[in-house]
$ cat start_39.cif   # mmCIF, C-alpha atoms and all ligand atoms
data_data
#
loop_
_atom_site.label_atom_id
_atom_site.label_comp_id
_atom_site.auth_asym_id
_atom_site.auth_seq_id
_atom_site.Cartn_x
_atom_site.Cartn_y
_atom_site.Cartn_z
CA MET A 1 5.18 30.47 -54.25
CA PRO A 2 3.42 33.36 -52.51
CA ARG A 3 2.48 32.63 -48.93
CA ARG A 4 -1.19 31.87 -48.36
CA PRO A 5 -2.71 34.44 -45.99
CA MET A 6 -4.31 33.30 -42.75
CA MET A 7 -7.13 34.97 -40.88
CA ALA A 8 -7.23 33.50 -37.40
CA GLY A 9 -9.70 34.07 -34.59
CA ASN A 10 -8.55 33.62 -31.02
CA TRP A 11 -11.68 33.28 -28.92
CA LYS A 12 -9.64 33.36 -25.68
CA MET A 13 -11.85 32.37 -22.69
CA ASN A 14 -15.18 32.89 -24.46
CA LYS A 15 -18.10 30.78 -25.74
CA THR A 16 -20.04 27.85 -24.41
CA VAL A 17 -20.48 24.70 -26.52
CA ALA A 18 -23.87 25.95 -27.76
CA GLU A 19 -22.41 29.34 -28.70
CA ALA A 20 -19.51 27.67 -30.49
CA GLN A 21 -21.92 25.47 -32.47
CA GLU A 22 -24.00 28.45 -33.54
CA TYR A 23 -20.92 30.43 -34.54
CA THR A 24 -19.36 27.56 -36.49
CA ALA A 25 -22.60 26.84 -38.33
CA GLY A 26 -22.71 30.51 -39.35
CA LEU A 27 -19.05 30.70 -40.33
CA LEU A 28 -18.68 27.54 -42.44
CA PRO A 29 -20.65 28.63 -45.53
CA ARG A 30 -19.07 32.09 -45.46
CA ALA A 31 -15.50 30.81 -45.05
CA ALA A 32 -15.97 28.49 -48.03
CA ASP A 33 -16.00 31.55 -50.32
CA ALA A 34 -12.50 32.66 -49.28
CA GLU A 35 -10.64 30.23 -51.49
CA GLU A 36 -7.24 31.88 -51.25
CA VAL A 37 -7.18 32.35 -47.47
CA ASP A 38 -6.67 29.95 -44.57
CA VAL A 39 -9.34 30.54 -41.94
CA ALA A 40 -8.54 29.32 -38.44
CA VAL A 41 -10.54 29.34 -35.22
CA PHE A 42 -8.69 28.91 -31.92
CA ALA A 43 -11.35 27.72 -29.50
CA PRO A 44 -11.26 26.92 -25.79
CA PHE A 45 -10.61 23.23 -25.01
CA THR A 46 -14.20 22.79 -23.87
CA CYS A 47 -15.71 23.47 -27.30
CA LEU A 48 -12.75 22.59 -29.52
CA HIS A 49 -14.04 19.11 -30.27
CA GLU A 50 -17.33 20.51 -31.48
CA VAL A 51 -15.65 23.16 -33.67
CA ALA A 52 -13.30 20.54 -35.12
CA ARG A 53 -16.11 18.05 -35.73
CA MET A 54 -18.29 20.60 -37.48
CA SER A 55 -15.36 21.96 -39.52
CA GLU A 56 -14.08 18.59 -40.72
CA GLY A 57 -13.66 18.62 -44.49
CA SER A 58 -14.35 22.37 -44.63
CA ALA A 59 -12.07 25.35 -45.18
CA VAL A 60 -11.94 26.12 -41.46
CA ILE A 61 -8.94 24.97 -39.43
CA ALA A 62 -9.77 24.21 -35.80
CA GLY A 63 -7.04 25.04 -33.31
CA ALA A 64 -6.34 25.14 -29.57
CA GLN A 65 -5.05 28.11 -27.60
CA ASN A 66 -2.42 26.23 -25.60
CA PHE A 67 -1.06 22.76 -24.76
CA TYR A 68 1.69 21.12 -22.74
CA TYR A 69 4.77 19.61 -24.36
CA GLU A 70 4.69 16.25 -22.54
CA ASP A 71 2.40 13.64 -24.10
CA SER A 72 0.87 12.17 -20.93
CA GLY A 73 1.48 11.76 -17.22
CA ALA A 74 1.06 13.55 -13.91
CA PHE A 75 0.45 17.10 -15.19
CA THR A 76 -2.86 18.02 -13.60
CA GLY A 77 -4.93 20.39 -15.67
CA GLU A 78 -2.81 20.14 -18.80
CA VAL A 79 -3.67 18.93 -22.32
CA SER A 80 -1.15 17.30 -24.68
CA ALA A 81 -0.50 17.36 -28.43
CA PRO A 82 -1.86 13.81 -28.99
CA MET A 83 -5.03 14.83 -27.13
CA LEU A 84 -5.47 17.85 -29.41
CA LEU A 85 -4.96 15.74 -32.52
CA ASP A 86 -7.47 13.27 -31.14
CA LEU A 87 -10.04 16.09 -30.95
CA GLY A 88 -9.40 17.03 -34.58
CA ALA A 89 -7.29 20.13 -33.92
CA ARG A 90 -4.76 20.96 -36.62
CA ALA A 91 -3.11 24.04 -35.12
CA VAL A 92 -2.28 25.52 -31.73
CA ILE A 93 -1.36 28.95 -30.40
CA VAL A 94 1.93 28.86 -28.50
CA GLY A 95 3.26 31.51 -26.13
CA HIS A 96 0.42 34.00 -26.33
CA SER A 97 1.36 37.06 -24.27
CA GLU A 98 -1.52 36.29 -21.88
CA ARG A 99 0.07 32.87 -21.22
CA ARG A 100 3.48 34.46 -20.77
CA GLU A 101 2.31 37.36 -18.58
CA LEU A 102 -0.50 35.81 -16.55
CA PHE A 103 0.62 32.17 -16.36
CA GLY A 104 4.39 32.48 -16.25
CA GLU A 105 5.34 30.85 -19.56
CA THR A 106 9.01 31.41 -20.30
CA ASP A 107 10.86 31.57 -23.63
CA GLU A 108 12.19 28.10 -22.82
CA MET A 109 8.70 26.64 -22.36
CA VAL A 110 7.44 28.35 -25.50
CA ALA A 111 10.35 26.91 -27.51
CA ARG A 112 9.65 23.40 -26.19
CA LYS A 113 5.98 23.72 -27.04
CA ALA A 114 6.70 24.96 -30.56
CA ARG A 115 9.10 22.06 -31.12
CA ARG A 116 6.65 19.48 -29.78
CA ALA A 117 3.81 20.88 -31.88
CA VAL A 118 5.85 20.64 -35.07
CA GLN A 119 6.98 17.08 -34.22
CA ALA A 120 3.38 16.07 -33.54
CA GLY A 121 2.08 17.54 -36.80
CA LEU A 122 0.23 20.47 -35.23
CA LEU A 123 0.81 23.88 -36.80
CA PRO A 124 2.06 26.21 -34.04
CA VAL A 125 1.19 29.90 -34.16
CA VAL A 126 3.98 31.26 -31.98
CA CYS A 127 3.23 34.66 -30.45
CA VAL A 128 5.88 37.27 -29.77
CA GLY A 129 5.66 40.92 -28.80
CA GLU A 130 6.79 43.66 -26.45
CA THR A 131 5.16 45.72 -23.71
CA LYS A 132 4.90 49.49 -23.97
CA GLU A 133 7.68 49.86 -21.38
CA GLU A 134 9.97 47.54 -23.33
CA ARG A 135 9.23 49.37 -26.56
CA ASP A 136 10.00 52.76 -25.02
CA SER A 137 13.03 51.60 -23.00
CA SER A 138 15.47 52.20 -25.87
CA PRO A 139 15.33 53.19 -29.55
CA ASP A 140 15.36 49.50 -30.43
CA GLY A 141 13.32 48.29 -27.44
CA MET A 142 10.82 46.36 -29.55
CA TRP A 143 13.52 44.43 -31.36
CA GLU A 144 15.54 43.66 -28.23
CA LYS A 145 12.54 41.77 -26.88
CA VAL A 146 11.17 40.24 -30.06
CA SER A 147 14.49 39.07 -31.53
CA GLY A 148 15.17 37.10 -28.34
CA GLN A 149 11.75 35.47 -28.41
CA VAL A 150 11.98 34.49 -32.09
CA GLY A 151 15.61 33.38 -31.82
CA ARG A 152 14.87 31.06 -28.89
CA VAL A 153 12.06 29.35 -30.79
CA ILE A 154 13.96 28.68 -34.02
CA GLU A 155 17.01 27.46 -32.11
CA ASP A 156 14.92 24.38 -31.20
CA LEU A 157 13.46 23.87 -34.68
CA GLU A 158 16.50 22.86 -36.67
CA ASP A 159 14.60 20.14 -38.58
CA ALA A 160 11.53 22.22 -39.39
CA GLY A 161 10.67 23.78 -42.74
CA GLY A 162 9.32 27.33 -43.01
CA GLU A 163 5.80 26.07 -43.76
CA ASP A 164 5.74 24.10 -40.50
CA LEU A 165 5.23 27.10 -38.27
CA ILE A 166 3.63 30.52 -38.07
CA PHE A 167 4.71 33.52 -36.03
CA ALA A 168 2.29 36.17 -34.77
CA TYR A 169 3.70 39.56 -33.85
CA GLU A 170 1.35 40.86 -31.17
CA PRO A 171 2.59 44.02 -29.42
CA ILE A 172 1.19 43.67 -25.90
CA TRP A 173 0.21 47.35 -25.76
CA ALA A 174 -2.11 46.82 -28.73
CA ILE A 175 -3.98 43.76 -27.42
CA GLY A 176 -7.54 44.45 -26.37
CA THR A 177 -6.77 48.15 -25.99
CA GLY A 178 -8.19 49.50 -29.22
CA GLU A 179 -4.71 50.88 -29.88
CA THR A 180 -3.42 49.27 -33.07
CA ALA A 181 0.18 49.35 -34.22
CA THR A 182 0.34 51.44 -37.36
CA PRO A 183 0.69 49.45 -40.57
CA ASP A 184 4.30 50.71 -40.69
CA ASP A 185 4.96 49.46 -37.13
CA ALA A 186 3.55 46.06 -38.08
CA GLN A 187 5.65 45.89 -41.26
CA ASP A 188 8.75 47.07 -39.39
CA ALA A 189 8.55 44.33 -36.74
CA ILE A 190 7.41 41.59 -39.10
CA GLY A 191 10.00 42.53 -41.74
CA LYS A 192 12.71 42.32 -39.06
CA ILE A 193 11.45 38.91 -37.95
CA ARG A 194 11.69 37.69 -41.56
CA ASP A 195 15.21 39.14 -41.89
CA LEU A 196 16.25 37.28 -38.74
CA LEU A 197 14.77 34.03 -40.11
CA ARG A 198 16.65 34.61 -43.38
CA GLU A 199 19.97 35.25 -41.61
CA SER A 200 19.66 32.23 -39.36
CA ARG A 201 17.91 29.69 -41.60
CA GLY A 202 18.22 30.92 -45.18
CA GLU A 203 15.98 32.40 -47.84
CA GLY A 204 13.76 29.36 -48.46
CA PHE A 205 12.88 28.99 -44.79
CA ALA A 206 12.25 32.72 -44.28
CA GLU A 207 10.03 32.96 -47.35
CA GLY A 208 7.98 29.96 -46.22
CA VAL A 209 7.14 31.16 -42.72
CA ARG A 210 3.85 33.01 -42.41
CA ILE A 211 3.94 35.93 -39.99
CA LEU A 212 0.67 37.38 -38.72
CA TYR A 213 -0.07 40.64 -36.95
CA GLY A 214 -2.29 40.74 -33.87
CA GLY A 215 -3.59 43.52 -31.64
CA SER A 216 -6.92 45.34 -32.03
CA VAL A 217 -7.41 44.23 -35.65
CA LYS A 218 -10.91 45.20 -36.78
CA PRO A 219 -12.81 45.42 -40.06
CA GLY A 220 -11.86 49.12 -40.23
CA ASN A 221 -8.08 48.61 -40.13
CA ALA A 222 -7.54 45.10 -41.54
CA ALA A 223 -7.08 46.09 -45.18
CA GLU A 224 -4.16 48.45 -44.59
CA ILE A 225 -2.44 46.00 -42.24
CA MET A 226 -2.91 43.16 -44.73
CA ALA A 227 -1.48 45.36 -47.49
CA GLN A 228 1.97 45.38 -45.85
CA ARG A 229 4.58 43.38 -47.73
CA ASP A 230 5.58 40.95 -44.99
CA VAL A 231 2.24 40.68 -43.17
CA ASP A 232 0.62 37.34 -44.01
CA GLY A 233 -2.56 37.68 -42.00
CA ALA A 234 -3.91 38.45 -38.58
CA LEU A 235 -4.58 36.83 -35.22
CA VAL A 236 -7.71 38.46 -33.91
CA GLY A 237 -9.32 38.46 -30.48
CA GLY A 238 -12.35 40.69 -29.91
CA ALA A 239 -13.34 41.18 -33.56
CA SER A 240 -13.38 37.43 -34.18
CA LEU A 241 -16.10 36.74 -31.62
CA GLU A 242 -18.97 37.66 -33.94
CA VAL A 243 -19.31 35.84 -37.26
CA GLU A 244 -20.15 39.03 -39.16
CA SER A 245 -17.03 40.98 -38.18
CA PHE A 246 -14.80 37.90 -38.59
CA VAL A 247 -16.18 37.38 -42.10
CA GLU A 248 -15.33 41.01 -42.92
CA LEU A 249 -11.77 40.30 -41.84
CA ILE A 250 -11.62 37.16 -43.96
CA GLU A 251 -12.83 39.22 -46.92
CA ALA A 252 -10.10 41.81 -46.27
CA ALA A 253 -7.53 39.00 -46.40
CA GLN A 254 -9.08 37.64 -49.59
CA ASN A 255 -9.03 41.11 -51.17
CA SER A 256 -5.36 41.53 -50.27
CA VAL A 257 -4.61 38.47 -52.43
CA SER A 258 -6.73 39.75 -55.30
CA ARG A 259 -4.87 43.08 -55.25
CA GLN A 260 -1.52 41.32 -55.67
CA ASP A 261 -2.75 39.38 -58.72
P1 LIG B 301 -7.57 41.76 -29.75
O1 LIG B 301 -7.81 41.56 -31.22
O2 LIG B 301 -8.80 41.62 -28.92
O3 LIG B 301 -6.76 42.99 -29.48
O4 LIG B 301 -6.65 40.50 -29.29
C1 LIG B 301 -5.48 40.22 -29.99
C2 LIG B 301 -4.96 38.92 -29.53
O5 LIG B 301 -4.43 38.79 -28.44
C3 LIG B 301 -5.11 37.77 -30.44
O6 LIG B 301 -4.38 36.66 -30.00
#
$ encode --input "start_39.cif" --output "structure tokens" --more "lines below"
Ligand code: 13P
Amino acid sequence: MPRRPMMAGNWKMNKTVAEAQEYTAGLLPRAADAEEVDVAVFAPFTCLHEVARMSEGSAVIAGAQNFYYEDSGAFTGEVSAPMLLDLGARAVIVGHSERRELFGETDEMVARKARRAVQAGLLPVVCVGETKEERDSSPDGMWEKVSGQVGRVIEDLEDAGGEDLIFAYEPIWAIGTGETATPDDAQDAIGKIRDLLRESRGEGFAEGVRILYGGSVKPGNAAEIMAQRDVDGALVGGASLEVESFVELIEAAQNSVSRQD
């Protein structure tokens, strides 16, 4: 079975409830046309309920950008997996580099979150990626960082199937900078991630896991990134904030399927 591509928008800390409503109303009819692509919107907690409510029964998957791995208790400011499910979320970003770099999330925390999400029935989109310094620190600097991040996550997911999680390779130097990894860079990293999954968990698991690319994806570069063999979609920040450019990205994903047929 070929993997179903995903085009995912990460709104980060953007949009009021009214803006989210307007966006979702504009996106729903357009996303319905992309029959062979999963479309996901990762909204802030404050408007997630509205996005999930409006998207119910549609092609759009509503997701959160973060959560905490305990279900309830004295964790001021945190939101749990049952709370996200209660809102209608079906997916969650885990370990985004902004969480790791700005809010101190460790590989250990990311692994616990990924495990809890899978157990709870939320689809985790686990982000991995290296800084420019890490990439340039040795000939294999990218892989030294990324292999550790991926390895730590799958260590805790011994009961999961490949379809239960998604990875997103997001080189930190390409996020919000306008500097995109070349399609070859994206394929190189994502191909290596799939090889690692194959070595550690077998062919069936590795072939089931969707692996997205993220970092300055725009309508102008999406098609060549999507054309890479192991790239199953994109996690998009800036270019997902307007319906029109996000729809162009969804169409690029849809066209990548048509080209394979
Ligand atoms: P940009 O698309 O704005 O570079 O952001 C990428 C990202 O971090 C998505 O999670």
$ residues_near_point --input "start_39.cif" --point "(-3.6, 28.9, -53.8)" --cutoff "10 Å" --atoms "only C-alpha atoms" --output "VMD selection string"
chain A and resid 1 to 5 35 to 38 257
$ atom_distance --input "start_39.cif" --atom1 "CA of Val236 (chain A)" --atom2 "CA of Ala8 (chain A)"
6.1 Å
$ residues_around --input "start_39.cif" --residues "Ser72 (chain A)" --least-positions-apart "3" --cutoff "9 Å" --atoms "only C-alpha atoms" --output "number ranges by chain"
A: 75, 79-80, 82-83
$ residues_around --input "start_39.cif" --residues "Ala252 (chain A)" --least-positions-apart "5" --cutoff "10 Å" --atoms "all atoms listed in the file" --output "PyMOL selection string"
chain A and resi 7+34+37+219-227+233+246-247+257-258
$ residues_near_ligand --input "start_39.cif" --ligand "ligand LIG 301 (chain B)" --cutoff "9 Å" --atoms "all atoms listed in the file" --output "JSON, numbers by chain"
{"A": [8, 9, 10, 11, 12, 65, 93, 96, 97, 98, 127, 168, 170, 171, 172, 174, 175, 176, 177, 178, 179, 180, 213, 214, 215, 216, 217, 218, 234, 235, 236, 237, 238, 239, 240]}
$ atom_distance --input "start_39.cif" --atom1 "CA of Met142 (chain A)" --atom2 "CA of Gly204 (chain A)"
25.6 Å
$ atom_distance --input "start_39.cif" --atom1 "CA of Ala20 (chain A)" --atom2 "CA of Leu87 (chain A)"
15.0 Å
$ closest_residue --input "start_39.cif" --among "A:Val231, A:Ala52, A:Ala40, A:Ala59" --to "Pro183 (chain A)" --atoms "all atoms listed in the file"
A:Val231
$ residues_around --input "start_39.cif" --residues "Glu133 (chain A)" --least-positions-apart "4" --cutoff "10 Å" --atoms "all atoms listed in the file" --output "PyMOL selection string"
chain A and resi 137-138+141-142+173
$ axis_aligned_box --input "start_39.cif" --around "region 176-189 of chain A" --padding-each-side "5 Å" --output "lines of an AutoDock Vina configuration file"
center_x = 0.3
center_y = 47.9
center_z = -33.6
size_x = 26.9
size_y = 17.1
size_z = 25.3
